[in-house]
Amino acid sequence: MAQRETVTNINSGSEVAGHGFDFDLFVIGGGSGGVRASRMSASYGAKVALVELPYDPVSSETRGGLGGTCVLRGCVPKKILVYGSAFSHEFQDAKGFGWEINGEIKFNWEKLIANKTKEIERLNGVYKRMLLGAGVTLLEGFGRIVDEHTVEVKESDGQVKTFTTNHILVATGSMAVRLNIPGKELAITSDEGLSLKKFPSKVVIIGGGYIAVEFAGIYSGMGAEVHLIYRKEYPLTGFDIEARKIVARNLEARGVIIHPETNIVKIEEHYLGLKATSDKKEEFHVDQVMFATGRKPKTSNINLEGVGVELDKAGAIKVNAYSQSNVPSIWAVGDVTNRINLTPVALMEGTCFAKTVFLKEPTKPDHTNVAHAVFCQPPLSSVGLTEEEASARENADSLRVYTSTFNPMKNTVSGRQEKTFMKLVVENSSDKVVGALMVGPDAPEIIQGLAIALKCGATKAQFDATVGIHPTAAEEFVTMRSLTRHVYPGGAVEDGQ
Ligand code: NDP
């Protein structure tokens with residue numbers, strides 16, 4: 001459906017608080033999008049309040065915390081655990097470089113989780129200080145919309161307070177989905193997976209998306225037997241097909257047991273832990289079963305439908321290009337709108353909201369060329385269009401595709417059998433690079449730089465004219481001279497050589 005392009009009545013109430021409202025802006029949700037929008041709006045002179053649930057690393061209807069999913073139970077703790085698990089591969093690789101590791105190397109999960117929790121609690125405090133420093137009024141409890149200019153907050157002790165506001169911003173994020181199978185309540189999600197008291201020595205992970213492949217790498221790197229069970233032929237639906245195949249191969253090579261085209265149909269308690277049964281009648285006796293089967297927007301219980309806010313089929317708030325809902329005083333940013341569910345995107349949407357509403361500069365978030373990364377090991381990162389997306393565009397031009405598969409220099413000595421893969425997708429007539437992708441060490445660090453080039457509309461000729469840094473993997477992106485294939489509109493393919 002086409003997005004509505006106009007901002008309806010930015011000042012649907014009075015201009016500033018004090019003209020009848022308690023606040024100019026009331027934000028429900030203190031994750032990345034809500035916090036950014038609050039701070040920016042306050043910096044433009046708005047009187048802002050923000051409500052968030054009490055802190056807990058594991059979220060629920062009554063628990064949350066400033067920082068939201070990314071800081072408390074997503075990107076940040078996940079990356080800490082990825083760092084933790086990657087040491088095992090480093091120890092293996094170190095031998096080829098002359099390190100003799102003879103004694104027992106032990107991994108202490110409890111210590112890592114304690115350090116991770118300390119760090120996220122520090123960040124939770126930083127967020128609180130940042131908001132208070134910006135002059136935002138912080139409220140702890142459950143926020144619910146009463147009408148288009150009123151929000152009520154139910155505090156932990158049951159007290160309910162009501163506030164009036166010119167604008168309401170919903171930034172409540174999303175929550176993990178459990179499949180509706182018998183025994184689903186016995187399984188965990190990524191929330192619990194980042195805070196388990198005891199390290200699971202055998203795990204089933206259901207799903208083949210971002211969270212599934214990242215956690216498979218984490219637990220397996222730390223020594224667990226991991227069964228990754230997904231319904232498609234390859235993990236990471238929606239990503240470049242060549243990259244998906246490579247990720248599957250790398251997961252296996254690093255010890256994850258993959259089960260493509262398989263579904264778990266039942267989970268039961270078992271005297272040794274849990275038993276998960278697949279549609280192929282396999283039985284997995286494990287300590288933990290994790291659902292990594294997607295997330296859904298948190299839009300229930302806040303009375304959105306009651307005030308007439310339209311939701312889409314997935315339960316996400318429908319917004320126009322300025323993040324405004326069909327009720328002019330109610331806006332939404334981040335995962336609750338289910339556009340691109342990534343922290344930096346929520347930050348951008350929060351910034352654009354504040355500029356539009358309080359700086360009076362209507363600003364649309366730009367969802368094109370958003371780089372992203374999957375922190376499987378080694379990681380996958382990409383920006384722009386996949387080959388499939390580029391050739392499926394309306395009036396698509398033919399494409400030139402350049403690929404490179406090589407043995408990273410470190411592996412020549414470590415002996416690790418794992419290739420790095422890179423791809424550039426180039427629009428033939430304009431010579432513009434419309435997509436870049438990498439699977440290999442440091443891919444996200446490299447692709448972030450290329451994202452600027454794509455945002456600037458760089459051409460393949462400009463990539464070729466760039467002098468590389470030697471010896472790096474990144475230099476391969478500016479030395480990809482031989483065409484791998486030509487892809488014509490309609491999908492016909494011709495080899496390049
Ligand atoms: P994803 O959408 O990435 O993956 C969901 C997985 O669950 C897919 O493999 C999907 O299969 C599978 N699935 C869904 N329904 C069923 C079903 N009924 N039966 C079997 N399998 C099913 O979601 P995640 O939970 O991994 O992550 C949620 C979002 O969070 C991501 O999309 C991303 O936006 C964000 N995120 C970003 C990260 C990052 O930036 N590094 C890290 C983690 C999360 P199929 O492919 O067949 O549809």
# chains A, B, ... in the order shown; residues from 1 in each chain; ligands from 1

$ closest_atom_pairs --of "chain A" --to "ligand 1" --cutoff "9 Å" --atoms "only C-alpha atoms and all ligand atoms" --output "tab-separated table"
residue	atom	partner	partner_atom_place_in_ligand_line	distance
A:Cys70	CA	ligand 1	42 (C)	8.9
A:Gly74	CA	ligand 1	43 (C)	6.7
A:Cys75	CA	ligand 1	42 (C)	6.3
A:Lys78	CA	ligand 1	42 (C)	8.1
A:Lys79	CA	ligand 1	41 (N)	8.8
A:Ser174	CA	ligand 1	30 (O)	8.6
A:Met175	CA	ligand 1	28 (C)	8.7
A:Ala176	CA	ligand 1	25 (O)	6.4
A:Val177	CA	ligand 1	25 (O)	7.4
A:Arg178	CA	ligand 1	15 (N)	8.7
A:Leu179	CA	ligand 1	18 (N)	6.0
A:Asn180	CA	ligand 1	18 (N)	8.1
A:Thr189	CA	ligand 1	25 (O)	8.9
A:Ser190	CA	ligand 1	25 (O)	8.3
A:Ile206	CA	ligand 1	21 (N)	6.8
A:Gly207	CA	ligand 1	7 (O)	4.1
A:Gly208	CA	ligand 1	9 (O)	3.4
A:Gly209	CA	ligand 1	4 (O)	3.3
A:Tyr210	CA	ligand 1	26 (O)	3.9
A:Ile211	CA	ligand 1	26 (O)	3.7
A:Ala212	CA	ligand 1	26 (O)	5.5
A:Val213	CA	ligand 1	26 (O)	7.8
A:Glu214	CA	ligand 1	42 (C)	7.3
A:Ile229	CA	ligand 1	21 (N)	8.5
A:Tyr230	CA	ligand 1	21 (N)	5.9
A:Arg231	CA	ligand 1	47 (O)	5.3
A:Lys232	CA	ligand 1	47 (O)	5.1
A:Glu233	CA	ligand 1	47 (O)	8.7
A:Tyr234	CA	ligand 1	46 (O)	8.4
A:Pro235	CA	ligand 1	9 (O)	6.2
A:Leu236	CA	ligand 1	46 (O)	6.0
A:Thr237	CA	ligand 1	46 (O)	4.4
A:Gly238	CA	ligand 1	46 (O)	7.6
A:Glu261	CA	ligand 1	47 (O)	8.9
A:Thr262	CA	ligand 1	20 (C)	8.2
A:Asn263	CA	ligand 1	20 (C)	6.0
A:Ile264	CA	ligand 1	20 (C)	7.9
A:Phe291	CA	ligand 1	25 (O)	7.9
A:Ala292	CA	ligand 1	25 (O)	4.5
A:Thr293	CA	ligand 1	7 (O)	3.1
A:Gly294	CA	ligand 1	25 (O)	3.1
A:Arg295	CA	ligand 1	28 (C)	5.0
A:Lys296	CA	ligand 1	28 (C)	8.3
A:Asp335	CA	ligand 1	34 (O)	8.1
A:Asn338	CA	ligand 1	34 (O)	8.6
A:Arg339	CA	ligand 1	34 (O)	9.0
A:Ile340	CA	ligand 1	34 (O)	6.3
A:Asn341	CA	ligand 1	34 (O)	4.1
A:Leu342	CA	ligand 1	34 (O)	5.4
A:Thr343	CA	ligand 1	40 (O)	7.6
A:His372	CA	ligand 1	40 (O)	6.0
A:Ala373	CA	ligand 1	41 (N)	5.1
A:Val374	CA	ligand 1	41 (N)	4.3
A:Phe375	CA	ligand 1	41 (N)	5.6
A:Cys376	CA	ligand 1	41 (N)	8.5

$ select_by_dssp --residues "stretch 201-249 of chain A" --states "strand (DSSP E or B)" --output "VMD selection string"
chain A and resid 202 to 206 225 to 229

$ closest_residue --among "A:Glu90, A:Thr351, A:Glu494, A:Glu418" --to "A:Gly34" --atoms "only C-alpha atoms"
A:Thr351

$ closest_residue --among "A:Asp147, A:Glu282, A:Gly490, A:Ser429" --to "A:Glu394" --atoms "only C-alpha atoms"
A:Gly490

$ atom_distance --atom1 "atom CA of A:Phe26" --atom2 "atom CA of A:Ile302"
13.6 Å

$ closest_residue --among "A:Ala332, A:Leu132, A:Ile446, A:Leu72" --to "A:Lys116" --atoms "only C-alpha atoms"
A:Leu72

$ residues_around --residues "A:Asp191" --least-positions-apart "2" --cutoff "6 Å" --atoms "only C-alpha atoms" --output "PyMOL selection string"
chain A and resi 58+73+189+193-194

$ closest_residue --among "A:Val286, A:Met422, A:Ala37, A:Val327" --to "A:Glu242" --atoms "only C-alpha atoms"
A:Met422

$ residues_around --residues "A:Glu389" --least-positions-apart "4" --cutoff "12 Å" --atoms "only C-alpha atoms" --output "PyMOL selection string"
chain A and resi 238-241+384-385+393-394+396-397+399+425+427+434-435+487+489-491

$ residues_around --residues "A:Leu272" --least-positions-apart "3" --cutoff "10 Å" --atoms "only C-alpha atoms" --output "number ranges by chain"
A: 269, 275, 285-287

$ atom_distance --atom1 "atom CA of A:Asn166" --atom2 "atom CA of A:Gly33"
18.9 Å

$ closest_residue --among "A:His227, A:Arg249, A:Lys355, A:Lys419" --to "A:Met290" --atoms "only C-alpha atoms"
A:His227

$ residues_around --residues "A:Pro182" --least-positions-apart "3" --cutoff "10 Å" --atoms "only C-alpha atoms" --output "NGL selection string"
:A and (179 or 185-186 or 264-268)
